[in-house]
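Pasting protein-v3.cif here (mmCIF, C-alpha atoms):
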```
data_target
#
loop_
_atom_site.label_atom_id
_atom_site.label_comp_id
_atom_site.auth_asym_id
_atom_site.auth_seq_id
_atom_site.Cartn_x
_atom_site.Cartn_y
_atom_site.Cartn_z
CA MET A 1 -144.24 192.08 -49.21
CA ILE A 2 -141.31 190.29 -50.85
CA GLY A 3 -139.38 187.22 -49.84
CA TYR A 4 -136.60 185.02 -51.16
CA VAL A 5 -136.76 184.52 -54.93
CA PRO A 6 -134.92 181.33 -55.94
CA GLY A 7 -132.33 181.85 -58.65
CA ALA A 8 -128.92 180.82 -59.94
CA SER A 9 -127.19 184.22 -60.15
CA ALA A 10 -123.77 184.82 -58.60
CA LEU A 11 -125.48 186.74 -55.78
CA HIS A 12 -127.82 183.80 -55.06
CA ARG A 13 -124.78 181.49 -54.89
CA ALA A 14 -122.67 183.92 -52.87
CA HIS A 15 -122.15 183.62 -49.13
CA PRO A 16 -125.32 185.14 -47.53
CA TYR A 17 -123.24 187.82 -45.80
CA THR A 18 -122.11 189.21 -49.18
CA PRO A 19 -125.48 190.52 -50.52
CA LEU A 20 -126.26 191.84 -47.03
CA ALA A 21 -122.89 193.64 -46.91
CA ILE A 22 -123.48 195.17 -50.36
CA ALA A 23 -126.97 196.37 -49.32
CA THR A 24 -125.61 197.87 -46.09
CA GLY A 25 -122.78 199.48 -48.06
CA LEU A 26 -125.28 201.06 -50.49
CA LEU A 27 -127.34 202.40 -47.54
CA LEU A 28 -124.25 203.99 -45.99
CA MET A 29 -123.13 205.37 -49.38
CA ALA A 30 -126.58 206.95 -49.89
CA PHE A 31 -126.06 208.97 -46.70
CA ALA A 32 -122.41 209.72 -47.42
CA VAL A 33 -123.26 211.81 -50.49
CA SER A 34 -125.46 214.89 -50.52
CA ALA A 35 -125.62 216.18 -54.11
CA PRO A 36 -128.66 215.01 -56.16
CA GLY A 37 -126.47 213.65 -58.97
CA ALA A 38 -124.27 211.66 -56.57
CA VAL A 39 -127.28 210.22 -54.72
CA TRP A 40 -128.84 209.04 -57.99
CA VAL A 41 -125.53 207.38 -58.94
CA VAL A 42 -126.01 205.31 -55.75
CA VAL A 43 -129.60 204.56 -56.89
CA ALA A 44 -128.20 203.38 -60.24
CA ALA A 45 -125.70 201.19 -58.37
CA ALA A 46 -128.55 199.68 -56.33
CA ALA A 47 -130.52 199.01 -59.53
CA LEU A 48 -127.41 197.39 -61.03
CA PHE A 49 -127.10 195.25 -57.89
CA ALA A 50 -130.71 194.07 -58.40
CA ALA A 51 -130.20 193.53 -62.14
CA SER A 52 -127.06 191.46 -61.56
CA ALA A 53 -129.14 189.09 -59.42
CA GLY A 54 -131.90 188.97 -62.06
CA VAL A 55 -134.46 190.38 -59.61
CA LEU A 56 -134.76 193.99 -60.82
CA GLY A 57 -138.25 193.34 -62.22
CA THR A 58 -139.32 191.66 -58.97
CA VAL A 59 -138.07 194.38 -56.62
CA LEU A 60 -139.02 197.44 -58.70
CA ARG A 61 -142.77 197.14 -58.04
CA PRO A 62 -142.65 196.84 -54.22
CA ALA A 63 -139.92 199.51 -54.11
CA ALA A 64 -142.12 201.88 -56.15
CA ILE A 65 -145.21 201.12 -54.01
CA LEU A 66 -143.24 201.85 -50.82
CA ALA A 67 -141.44 204.92 -52.19
CA LEU A 68 -144.24 206.64 -54.11
CA PRO A 69 -146.24 208.07 -51.13
CA THR A 70 -143.04 209.46 -49.60
CA TRP A 71 -141.91 210.92 -52.94
CA VAL A 72 -145.26 212.72 -53.25
CA LEU A 73 -144.93 214.10 -49.70
CA LEU A 74 -141.31 215.13 -50.35
CA THR A 75 -142.38 216.99 -53.51
CA ILE A 76 -145.09 218.83 -51.55
CA LEU A 77 -142.94 219.51 -48.46
CA HIS A 78 -139.79 220.65 -50.26
CA GLY A 79 -140.82 221.46 -53.83
CA LEU A 80 -144.18 223.22 -53.44
CA LEU A 81 -143.67 224.55 -49.89
CA GLY A 82 -139.91 225.18 -50.20
CA GLY A 83 -138.08 228.52 -50.16
CA ALA A 84 -136.94 230.89 -52.95
CA PRO A 85 -135.84 230.95 -55.73
CA HIS A 86 -138.84 229.44 -57.53
CA VAL A 87 -139.47 228.40 -61.12
CA MET A 88 -142.95 228.43 -62.60
CA LEU A 89 -144.17 224.99 -63.71
CA GLY A 90 -147.40 226.03 -65.42
CA PRO A 91 -149.46 227.71 -62.69
CA VAL A 92 -147.35 226.24 -59.86
CA ALA A 93 -144.32 227.94 -58.26
CA PHE A 94 -141.73 225.21 -57.58
CA SER A 95 -138.81 225.77 -55.19
CA VAL A 96 -135.44 225.12 -56.85
CA PRO A 97 -133.44 224.33 -53.64
CA GLY A 98 -136.46 222.42 -52.27
CA GLY A 99 -136.66 220.37 -55.46
CA GLU A 100 -132.98 219.48 -55.11
CA ARG A 101 -133.52 218.42 -51.50
CA ALA A 102 -136.52 216.29 -52.53
CA LEU A 103 -134.31 214.62 -55.17
CA VAL A 104 -131.66 213.83 -52.53
CA PHE A 105 -134.07 212.42 -49.93
CA GLY A 106 -136.16 210.61 -52.58
CA GLY A 107 -132.99 209.12 -54.08
CA ARG A 108 -131.77 207.88 -50.70
CA LEU A 109 -135.13 206.22 -50.12
CA ALA A 110 -135.02 204.55 -53.55
CA ALA A 111 -131.44 203.32 -53.03
CA ILE A 112 -132.21 201.83 -49.59
CA LEU A 113 -135.38 200.09 -50.81
CA LEU A 114 -133.75 198.67 -53.97
CA ALA A 115 -130.66 197.49 -52.08
CA PHE A 116 -132.43 195.73 -49.21
CA LEU A 117 -135.29 194.29 -51.26
CA THR A 118 -132.59 192.78 -53.51
CA ALA A 119 -130.81 191.34 -50.47
CA LEU A 120 -134.14 189.93 -49.26
CA ALA A 121 -134.77 188.37 -52.67
CA THR A 122 -131.33 186.79 -52.98
CA VAL A 123 -130.53 185.57 -49.45
CA SER A 124 -132.19 182.27 -48.61
CA PRO A 125 -133.23 182.34 -44.90
CA ALA A 126 -132.14 178.70 -44.49
CA ARG A 127 -128.65 179.44 -45.89
CA LEU A 128 -128.42 182.54 -43.70
CA VAL A 129 -129.14 180.44 -40.60
CA GLU A 130 -126.48 177.92 -41.70
CA ALA A 131 -123.99 180.74 -42.29
CA MET A 132 -124.71 182.29 -38.88
CA THR A 133 -124.40 178.91 -37.15
CA ALA A 134 -121.11 178.18 -38.95
CA ARG A 135 -119.80 181.60 -37.82
CA GLY A 136 -120.60 180.76 -34.20
CA VAL A 137 -123.42 183.31 -33.84
CA PRO A 138 -125.06 182.52 -30.47
CA PHE A 139 -128.17 180.32 -30.62
CA GLY A 140 -130.29 183.07 -29.02
CA ARG A 141 -129.76 185.54 -31.87
CA VAL A 142 -130.49 182.99 -34.59
CA TYR A 143 -133.56 181.81 -32.66
CA LEU A 144 -134.90 185.36 -32.24
CA LEU A 145 -134.55 186.34 -35.88
CA VAL A 146 -135.89 183.15 -37.42
CA SER A 147 -138.32 181.78 -34.86
CA THR A 148 -140.17 185.09 -34.28
CA LEU A 149 -141.28 185.06 -37.91
CA THR A 150 -143.14 181.81 -37.20
CA VAL A 151 -144.85 183.26 -34.10
CA VAL A 152 -146.24 186.33 -35.85
CA PRO A 153 -148.83 184.45 -38.01
CA ARG A 154 -149.90 182.50 -34.89
CA LEU A 155 -150.44 185.71 -32.91
CA ARG A 156 -152.31 187.25 -35.86
CA ALA A 157 -154.63 184.23 -35.91
CA ARG A 158 -155.14 184.65 -32.16
CA VAL A 159 -156.01 188.33 -32.68
CA ARG A 160 -158.76 187.24 -35.11
CA GLN A 161 -160.10 184.75 -32.52
CA ILE A 162 -160.07 187.43 -29.78
CA VAL A 163 -161.80 189.94 -32.09
CA ASP A 164 -164.55 187.36 -32.85
CA ALA A 165 -164.96 186.44 -29.18
CA GLN A 166 -165.11 190.06 -28.00
CA GLN A 167 -167.53 191.03 -30.76
CA CYS A 168 -169.80 188.19 -29.58
CA ARG A 169 -169.65 189.88 -26.15
CA GLY A 170 -170.77 193.17 -27.71
CA LEU A 171 -167.43 194.91 -28.50
CA ARG A 172 -167.77 197.46 -31.33
CA LEU A 173 -164.68 198.12 -33.45
CA GLY A 174 -166.03 201.12 -35.38
CA GLY A 175 -167.33 204.52 -34.34
CA SER A 176 -165.53 207.58 -33.04
CA PRO A 177 -161.75 207.57 -32.40
CA LEU A 178 -162.49 207.39 -28.66
CA ALA A 179 -164.72 204.32 -29.15
CA ARG A 180 -161.99 202.65 -31.25
CA LEU A 181 -159.42 203.54 -28.59
CA ARG A 182 -161.61 201.84 -25.96
CA ALA A 183 -161.64 198.67 -28.10
CA LEU A 184 -157.85 198.39 -27.76
CA GLY A 185 -157.84 197.12 -24.16
CA PRO A 186 -160.18 194.14 -24.73
CA LEU A 187 -158.06 193.14 -27.75
CA VAL A 188 -154.52 193.74 -26.52
CA VAL A 189 -154.73 192.55 -22.90
CA PRO A 190 -156.02 188.98 -23.65
CA LEU A 191 -153.53 188.69 -26.50
CA VAL A 192 -150.53 189.52 -24.31
CA LEU A 193 -151.77 187.49 -21.31
CA SER A 194 -152.39 184.37 -23.41
CA ALA A 195 -148.92 184.70 -24.97
CA LEU A 196 -147.29 185.13 -21.53
CA ALA A 197 -149.07 181.99 -20.32
CA GLU A 198 -147.09 179.96 -22.89
CA VAL A 199 -143.64 181.25 -21.87
CA ASP A 200 -142.72 178.39 -19.51
CA GLU A 201 -143.97 175.72 -21.90
CA GLN A 202 -141.89 177.18 -24.75
CA ALA A 203 -138.79 177.58 -22.57
CA LEU A 204 -139.09 173.92 -21.58
CA ALA A 205 -139.49 172.87 -25.22
CA LEU A 206 -136.33 174.79 -26.12
CA ASP A 207 -134.46 173.33 -23.17
CA VAL A 208 -135.18 169.72 -24.17
CA ARG A 209 -133.98 170.58 -27.70
CA GLY A 210 -130.60 171.70 -26.35
CA GLY A 211 -131.27 175.43 -26.23
CA THR A 212 -129.03 175.85 -23.18
CA ALA A 213 -126.23 173.68 -24.58
CA ARG A 214 -122.85 175.42 -24.49
CA GLY A 215 -120.24 175.06 -27.18
CA ARG A 216 -120.21 175.71 -30.88
CA ARG A 217 -123.04 174.25 -32.94
CA THR A 218 -122.34 172.35 -36.12
CA ALA A 219 -123.87 173.67 -39.32
CA LEU A 220 -125.12 170.81 -41.51
CA GLU A 221 -124.49 172.53 -44.83
CA PRO A 222 -122.49 175.74 -44.27
CA PRO A 223 -122.36 178.02 -47.33
CA GLU A 224 -118.90 178.42 -48.83
CA ASP A 225 -117.24 181.74 -48.04
CA SER A 226 -115.02 182.04 -51.11
CA ARG A 227 -112.07 184.37 -51.66
CA ALA A 228 -114.26 186.36 -54.09
CA ASP A 229 -116.92 186.81 -51.39
CA ARG A 230 -114.39 188.13 -48.92
CA ALA A 231 -112.88 190.41 -51.59
CA VAL A 232 -116.30 191.90 -52.42
CA ARG A 233 -117.05 192.55 -48.74
CA LEU A 234 -113.63 194.17 -48.27
CA ALA A 235 -114.21 196.35 -51.35
CA VAL A 236 -117.57 197.49 -49.93
CA LEU A 237 -115.90 198.38 -46.63
CA VAL A 238 -113.12 200.31 -48.38
CA ALA A 239 -115.64 202.19 -50.58
CA VAL A 240 -117.75 203.20 -47.57
CA VAL A 241 -114.74 204.34 -45.51
CA ALA A 242 -113.44 206.31 -48.51
CA ALA A 243 -116.85 207.95 -49.07
CA TYR A 244 -117.10 209.09 -45.44
CA ALA A 245 -113.48 210.24 -45.37
CA TRP A 246 -114.29 212.31 -48.51
CA LYS A 247 -117.47 213.65 -46.86
CA PHE A 248 -115.81 214.67 -43.59
CA LEU A 249 -112.80 216.21 -45.32
CA GLY A 250 -115.34 218.70 -46.68
CA ALA A 251 -115.24 217.63 -50.30
CA GLY A 252 -118.37 215.41 -50.31
CA GLY A 253 -120.52 215.96 -53.38
CA MET B 1 -129.96 186.01 -20.81
CA THR B 2 -131.67 182.77 -19.75
CA LEU B 3 -133.68 180.60 -22.11
CA ARG B 4 -136.87 181.83 -20.45
CA ASP B 5 -135.81 185.48 -20.98
CA LEU B 6 -135.19 184.64 -24.62
CA VAL B 7 -138.72 183.31 -24.99
CA VAL B 8 -140.12 186.48 -23.35
CA VAL B 9 -138.03 188.62 -25.74
CA ARG B 10 -139.43 186.67 -28.71
CA LEU B 11 -142.92 187.23 -27.34
CA GLY B 12 -142.17 190.96 -26.98
CA VAL B 13 -141.00 191.19 -30.60
CA ALA B 14 -144.12 189.37 -31.85
CA VAL B 15 -146.36 191.64 -29.74
CA ASN B 16 -144.63 194.72 -31.21
CA LEU B 17 -145.25 193.46 -34.73
CA VAL B 18 -148.86 192.33 -34.22
CA VAL B 19 -150.30 195.06 -31.94
CA GLY B 20 -149.04 197.74 -34.32
CA GLN B 21 -151.19 196.13 -36.99
CA VAL B 22 -154.20 196.00 -34.63
CA ALA B 23 -153.85 199.77 -34.12
CA ALA B 24 -153.62 200.29 -37.88
CA ALA B 25 -156.71 198.08 -38.44
CA LEU B 26 -158.66 200.18 -35.91
CA LEU B 27 -157.55 203.30 -37.86
CA LEU B 28 -156.05 204.81 -34.72
CA PRO B 29 -153.52 207.65 -35.12
CA VAL B 30 -150.94 205.75 -33.00
CA TYR B 31 -148.30 203.08 -33.72
CA LEU B 32 -148.37 200.94 -30.52
CA ASP B 33 -145.35 199.11 -31.98
CA THR B 34 -143.35 199.40 -28.74
CA ILE B 35 -145.72 197.64 -26.32
CA GLY B 36 -143.58 194.49 -26.48
CA THR B 37 -140.37 196.44 -25.81
CA VAL B 38 -141.90 198.14 -22.75
CA LEU B 39 -143.38 194.84 -21.51
CA VAL B 40 -140.01 193.07 -21.79
CA ALA B 41 -138.35 195.99 -19.95
CA THR B 42 -140.77 195.55 -17.03
CA LEU B 43 -140.64 191.71 -16.97
CA VAL B 44 -136.97 190.99 -17.75
CA GLY B 45 -134.91 194.18 -17.80
CA PRO B 46 -133.25 196.80 -20.04
CA ARG B 47 -130.82 194.51 -21.89
CA ALA B 48 -133.54 192.12 -23.00
CA ALA B 49 -135.78 195.07 -23.92
CA ILE B 50 -133.06 196.56 -26.14
CA VAL B 51 -132.70 193.19 -27.92
CA ALA B 52 -136.50 193.01 -28.32
CA GLY B 53 -136.66 196.56 -29.69
CA LEU B 54 -133.83 196.19 -32.20
CA THR B 55 -135.06 192.76 -33.38
CA SER B 56 -138.55 194.24 -33.86
CA GLN B 57 -137.12 197.04 -35.97
CA VAL B 58 -135.21 194.62 -38.21
CA LEU B 59 -138.11 192.17 -38.59
CA ASN B 60 -140.58 195.01 -39.18
CA ALA B 61 -138.37 196.14 -42.07
CA VAL B 62 -138.09 192.59 -43.41
CA LEU B 63 -141.84 191.92 -43.19
CA SER B 64 -142.94 195.25 -44.69
CA GLY B 65 -140.05 195.70 -47.10
CA ASN B 66 -139.63 199.26 -45.80
CA PHE B 67 -135.99 199.31 -44.75
CA THR B 68 -136.00 203.09 -44.27
CA TRP B 69 -137.31 202.40 -40.74
CA LEU B 70 -133.98 200.83 -39.71
CA PRO B 71 -132.37 204.10 -38.46
CA PHE B 72 -135.28 204.49 -36.02
CA GLY B 73 -133.86 201.49 -34.11
CA VAL B 74 -132.12 204.10 -31.94
CA VAL B 75 -135.55 205.13 -30.64
CA GLN B 76 -136.23 201.54 -29.55
CA ILE B 77 -133.02 201.59 -27.43
CA VAL B 78 -134.09 204.83 -25.76
CA ILE B 79 -137.58 203.40 -25.09
CA ALA B 80 -136.12 200.20 -23.60
CA LEU B 81 -133.86 202.11 -21.20
CA TYR B 82 -136.56 204.59 -20.18
CA ALA B 83 -139.19 201.85 -19.63
CA ALA B 84 -136.81 199.79 -17.48
CA LEU B 85 -136.04 202.86 -15.36
CA ALA B 86 -139.75 203.70 -15.07
CA ALA B 87 -140.50 200.11 -13.98
CA ARG B 88 -137.75 200.25 -11.37
CA LEU B 89 -139.24 203.50 -10.00
CA GLY B 90 -142.66 201.82 -9.75
CA ALA B 91 -144.36 203.84 -12.49
CA PHE B 92 -146.50 200.87 -13.59
CA ARG B 93 -148.08 200.27 -10.14
CA ARG B 94 -150.86 202.79 -10.85
CA LEU B 95 -152.53 203.72 -14.12
CA GLY B 96 -152.10 207.46 -13.43
CA THR B 97 -148.34 207.25 -12.88
CA ALA B 98 -148.00 204.93 -15.91
CA VAL B 99 -149.74 207.47 -18.18
CA ALA B 100 -147.60 210.30 -16.76
CA ALA B 101 -144.41 208.28 -17.30
CA GLY B 102 -145.61 207.39 -20.82
CA PHE B 103 -146.09 211.10 -21.50
CA GLY B 104 -142.49 211.64 -20.43
CA LEU B 105 -141.37 208.87 -22.75
CA GLY B 106 -143.33 210.57 -25.56
CA ILE B 107 -141.17 213.68 -25.09
CA VAL B 108 -137.95 211.64 -24.99
CA ALA B 109 -138.91 209.45 -27.98
CA ALA B 110 -140.02 212.41 -30.11
CA SER B 111 -136.81 214.27 -29.23
CA THR B 112 -134.91 211.25 -30.56
CA SER B 113 -136.99 210.48 -33.66
CA ALA B 114 -137.55 214.05 -34.92
CA PRO B 115 -133.85 214.72 -35.72
CA ILE B 116 -133.58 211.34 -37.51
CA SER B 117 -136.70 212.15 -39.52
CA TYR B 118 -135.49 215.67 -40.35
CA TYR B 119 -131.81 215.07 -41.10
CA LEU B 120 -132.00 211.64 -42.76
CA PHE B 121 -135.38 211.80 -44.53
CA GLY B 122 -136.15 215.50 -44.94
CA GLY B 123 -139.19 215.17 -42.66
CA ALA B 124 -141.00 212.73 -44.97
CA THR B 125 -141.12 209.30 -43.41
CA ALA B 126 -144.43 207.49 -43.66
CA GLY B 127 -148.05 207.64 -42.60
CA GLY B 128 -149.87 210.14 -40.44
CA VAL B 129 -146.82 211.92 -39.00
CA THR B 130 -145.78 213.22 -42.40
CA ALA B 131 -149.36 214.30 -43.13
CA VAL B 132 -149.28 216.40 -39.92
CA THR B 133 -145.84 217.77 -40.93
CA THR B 134 -147.21 218.76 -44.36
CA VAL B 135 -150.26 220.53 -42.87
CA LEU B 136 -148.07 222.46 -40.39
CA ARG B 137 -145.64 223.38 -43.17
CA ALA B 138 -148.55 224.57 -45.34
CA LEU B 139 -149.68 226.73 -42.40
CA GLY B 140 -146.28 228.45 -42.51
CA ALA B 141 -144.26 226.60 -39.84
CA PRO B 142 -140.55 226.18 -40.72
CA LEU B 143 -139.74 222.58 -41.68
CA PRO B 144 -137.73 221.67 -38.51
CA VAL B 145 -140.55 223.05 -36.33
CA ALA B 146 -143.20 221.19 -38.37
CA VAL B 147 -141.28 217.88 -38.14
CA ALA B 148 -140.72 218.27 -34.37
CA ALA B 149 -144.34 219.29 -33.68
CA ALA B 150 -145.66 216.33 -35.71
CA SER B 151 -143.37 213.92 -33.85
CA TYR B 152 -144.37 215.27 -30.43
CA SER B 153 -148.10 215.24 -31.22
CA THR B 154 -148.09 211.56 -32.22
CA ASP B 155 -145.50 210.28 -29.73
CA LEU B 156 -147.08 211.85 -26.64
CA LEU B 157 -150.39 210.05 -27.29
CA ASP B 158 -148.74 206.84 -28.51
CA LYS B 159 -146.35 206.35 -25.61
CA SER B 160 -148.92 207.34 -22.95
CA LEU B 161 -151.23 204.71 -24.40
CA VAL B 162 -148.45 202.10 -24.55
CA PHE B 163 -147.57 202.64 -20.87
CA ALA B 164 -151.26 202.54 -19.89
CA LEU B 165 -151.82 199.26 -21.75
CA VAL B 166 -148.70 197.67 -20.21
CA ALA B 167 -149.85 198.81 -16.73
CA VAL B 168 -153.25 197.15 -17.37
CA VAL B 169 -151.54 193.94 -18.57
CA LEU B 170 -149.29 193.84 -15.46
CA ARG B 171 -152.27 194.42 -13.15
CA SER B 172 -154.20 191.65 -14.93
CA LEU B 173 -151.40 189.09 -14.55
CA PRO B 174 -152.57 186.19 -12.37
CA ARG B 175 -150.50 185.96 -9.17
CA GLN B 176 -148.97 182.57 -10.04
CA MET B 177 -147.81 183.98 -13.40
CA ALA B 178 -146.53 187.27 -11.91
CA VAL B 179 -144.28 185.55 -9.34
CA ARG B 180 -142.35 183.93 -12.19
CA PHE B 181 -141.00 187.38 -13.18
CA PRO B 182 -138.65 188.53 -10.38
CA MET B 183 -138.29 191.99 -11.97
CA LEU B 184 -141.96 192.63 -11.13
CA ALA B 185 -141.33 192.18 -7.42
CA ARG B 186 -138.65 194.91 -7.33
#
```

Before anything else, please render the file you have as structure tokens.
Amino acid sequence: MIGYVPGASALHRAHPYTPLAIATGLLLMAFAVSAPGAVWVVVAAAALFAASAGVLGTVLRPAAILALPTWVLLTILHGLLGGAPHVMLGPVAFSVPGGERALVFGGRLAAILLAFLTALATVSPARLVEAMTARGVPFGRVYLLVSTLTVVPRLRARVRQIVDAQQCRGLRLGGSPLARLRALGPLVVPLVLSALAEVDEQALALDVRGGTARGRRTALEPPEDSRADRAVRLAVLVAVVAAYAWKFLGAGG
Amino acid sequence: MTLRDLVVVRLGVAVNLVVGQVAAALLLPVYLDTIGTVLVATLVGPRAAIVAGLTSQVLNAVLSGNFTWLPFGVVQIVIALYAALAARLGAFRRLGTAVAAGFGLGIVAASTSAPISYYLFGGATAGGVTAVTTVLRALGAPLPVAVAAASYSTDLLDKSLVFALVAVVLRSLPRQMAVRFPMLAR
């Protein structure tokens, strides 16, 4: 839905762990507070995070598309079907406590989406891989996160081939739910079996490229982890710990 | 984890991401986004299945942009452990026992996901589950009951189907391919 958006903001230039830490911090803060006003302060912070990277316009649309259906359902579930007391909005009785709950849950959703879509837009996957390699993250983890993204389009293309082949053999994809359920087997089983058939070949390819090599790998162009980066990440950690300490001491707002 | 296990885990993650979309394209009221996790649990073991499940959850969020699914990663861990145990007990040897074990997983998975959905998201997550929750709530069910009932109704069917499909895949494995997975022989 959204990927890396090249830019020259401080967040684009920061160590890749920094925007990810801020996004994670905002997620944790959204759950640390439980009053509607406090949750929407976190939403404002997430919007500020996006604006500081110059990607607010880019992330607002996908965030709204993802959040809108859930906001509607929250309004129905908590606002229209919520408990007393109610206020009359024209002909509709709207639950006051339910409306507050919908604001809290809707705000959390908005904060999470804005924060992580901003991280996605500002962290270059290539720089993230370099940063992970420089930090000594095991090859397996880097391989899983990055390489799987290249397999997914290949498997999707194979699904299309299997669908075409099975339709030529008379498979019908429409009809009743039971008929559609029956179509699953002829699509899923060949897909998984053909993928399993490639396992040894891929393991061998990885092996000859040094996949089993021990020792620390050298990053070609490791991103700089400046003092400012480390200070920002420490500040995020302190803010989150303080918010949860406040929450569990019974004073969370 | 060996290099070969790593490749199987990657395959499991890709299967999770792609088969879920096949189910959505067929307009089926199931997710099928844990087939890869269950498959890895039967072929490699619980640790690899947990890695496959958590990686799927992260990549699913990255690919869709919907990061609110991240807390449901806990459910993937539960599924990985349960599937590995079911495989060890031989649940995948027959279709009937696989479906029964999948039904059991449906109960376990729903019991894990319903509290996350209720406490973190107020019962409104995404898709068909929330629609069922809304209908039940409109019929007068209290919100926690509506959220739990919606989770159970979708998870029981989904996980039974996942286990059945994995059992069919394992039975269809050619012998020379099956012998390369020692976990299958246990």

Point (-118.4, 196.6, -56.5) neighbourhood (9 Å, all atoms listed in the file) written as a ChimeraX atom specification: /A:22,45,49,232-233,235-236,239

Between CA of Phe31 (chain A) and CA of Leu249 (chain A), what is the spacing in Å? 15.2 Å

Identify all chain B residues at most 6 Å from chain A by counting all atoms listed in the file; ligands do not count. Present them as a list in words. Leu3, Arg4, Arg10, Ala14, Ser64, Gly65, Phe121, Ala124, Thr134 and Val169 of chain B

Expected residue set, 9 Å radius at (-137.3, 190.6, -14.3), only C-alpha atoms, as a PyMOL selection string: chain B and resi 5+40-45+180-186

Carefully work through the PyMOL selection byres ((chain B and resi 113) around 9) for this structure and note down the residues it includes, as an mmCIF file with C-alpha atoms, in the frame of the given file.
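Here's the written file selection.cif:
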```cif
data_model
loop_
_atom_site.group_PDB
_atom_site.id
_atom_site.type_symbol
_atom_site.label_atom_id
_atom_site.label_comp_id
_atom_site.auth_asym_id
_atom_site.auth_seq_id
_atom_site.Cartn_x
_atom_site.Cartn_y
_atom_site.Cartn_z
ATOM 1 C CA PHE B 72 -135.280 204.490 -36.020
ATOM 2 C CA VAL B 74 -132.120 204.100 -31.940
ATOM 3 C CA VAL B 75 -135.550 205.130 -30.640
ATOM 4 C CA VAL B 108 -137.950 211.640 -24.990
ATOM 5 C CA ALA B 109 -138.910 209.450 -27.980
ATOM 6 C CA ALA B 110 -140.020 212.410 -30.110
ATOM 7 C CA SER B 111 -136.810 214.270 -29.230
ATOM 8 C CA THR B 112 -134.910 211.250 -30.560
ATOM 9 C CA ALA B 114 -137.550 214.050 -34.920
ATOM 10 C CA PRO B 115 -133.850 214.720 -35.720
ATOM 11 C CA ILE B 116 -133.580 211.340 -37.510
ATOM 12 C CA SER B 117 -136.700 212.150 -39.520
ATOM 13 C CA TYR B 118 -135.490 215.670 -40.350
ATOM 14 C CA ALA B 148 -140.720 218.270 -34.370
ATOM 15 C CA SER B 151 -143.370 213.920 -33.850
#
```

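Note that the spacing between CA of Thr97 (chain B) and CA of Ala84 (chain B) amounts to 14.5 Å.
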
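Closest to Arg169 (chain A) among A:Ala14, A:Pro186, A:Val87, A:Pro138 is A:Pro186, based on all atoms listed in the file.
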
Once the PyMOL selection byres ((chain B and resi 165) around 10) is applied to the coordinates I shared, what remains selected? I want it as a compact mmCIF listing (two decimals) with C-alpha atoms, keeping the file's coordinate frame.
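New file result.txt:
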```txt
# COMPACT_ATOMS: atom_id res chain seq x y z
CA LEU A 184 -157.85 198.39 -27.76
CA GLY A 185 -157.84 197.12 -24.16
CA VAL A 188 -154.52 193.74 -26.52
CA VAL A 189 -154.73 192.55 -22.90
CA LEU B 32 -148.37 200.94 -30.52
CA ILE B 35 -145.72 197.64 -26.32
CA LEU B 39 -143.38 194.84 -21.51
CA PHE B 92 -146.50 200.87 -13.59
CA LEU B 95 -152.53 203.72 -14.12
CA ALA B 98 -148.00 204.93 -15.91
CA VAL B 99 -149.74 207.47 -18.18
CA LYS B 159 -146.35 206.35 -25.61
CA SER B 160 -148.92 207.34 -22.95
CA LEU B 161 -151.23 204.71 -24.40
CA VAL B 162 -148.45 202.10 -24.55
CA PHE B 163 -147.57 202.64 -20.87
CA ALA B 164 -151.26 202.54 -19.89
CA VAL B 166 -148.70 197.67 -20.21
CA ALA B 167 -149.85 198.81 -16.73
CA VAL B 168 -153.25 197.15 -17.37
CA VAL B 169 -151.54 193.94 -18.57
CA LEU B 170 -149.29 193.84 -15.46
CA ARG B 171 -152.27 194.42 -13.15
```

With the file shown as input, list the residues that the PyMOL selection byres ((chain A and resi 51) around 12) selects, as an mmCIF file with C-alpha atoms, in the frame of the given file.
```
data_model
loop_
_atom_site.group_PDB
_atom_site.id
_atom_site.type_symbol
_atom_site.label_atom_id
_atom_site.label_comp_id
_atom_site.auth_asym_id
_atom_site.auth_seq_id
_atom_site.Cartn_x
_atom_site.Cartn_y
_atom_site.Cartn_z
ATOM 1 C CA SER A 9 -127.190 184.220 -60.150
ATOM 2 C CA ALA A 10 -123.770 184.820 -58.600
ATOM 3 C CA LEU A 11 -125.480 186.740 -55.780
ATOM 4 C CA ALA A 44 -128.200 203.380 -60.240
ATOM 5 C CA ALA A 45 -125.700 201.190 -58.370
ATOM 6 C CA ALA A 46 -128.550 199.680 -56.330
ATOM 7 C CA ALA A 47 -130.520 199.010 -59.530
ATOM 8 C CA LEU A 48 -127.410 197.390 -61.030
ATOM 9 C CA PHE A 49 -127.100 195.250 -57.890
ATOM 10 C CA ALA A 50 -130.710 194.070 -58.400
ATOM 11 C CA SER A 52 -127.060 191.460 -61.560
ATOM 12 C CA ALA A 53 -129.140 189.090 -59.420
ATOM 13 C CA GLY A 54 -131.900 188.970 -62.060
ATOM 14 C CA VAL A 55 -134.460 190.380 -59.610
ATOM 15 C CA LEU A 56 -134.760 193.990 -60.820
ATOM 16 C CA GLY A 57 -138.250 193.340 -62.220
ATOM 17 C CA THR A 58 -139.320 191.660 -58.970
ATOM 18 C CA VAL A 59 -138.070 194.380 -56.620
ATOM 19 C CA LEU A 60 -139.020 197.440 -58.700
ATOM 20 C CA LEU A 114 -133.750 198.670 -53.970
ATOM 21 C CA ALA A 115 -130.660 197.490 -52.080
ATOM 22 C CA THR A 118 -132.590 192.780 -53.510
ATOM 23 C CA ALA A 119 -130.810 191.340 -50.470
ATOM 24 C CA ALA A 121 -134.770 188.370 -52.670
ATOM 25 C CA THR A 122 -131.330 186.790 -52.980
#
```
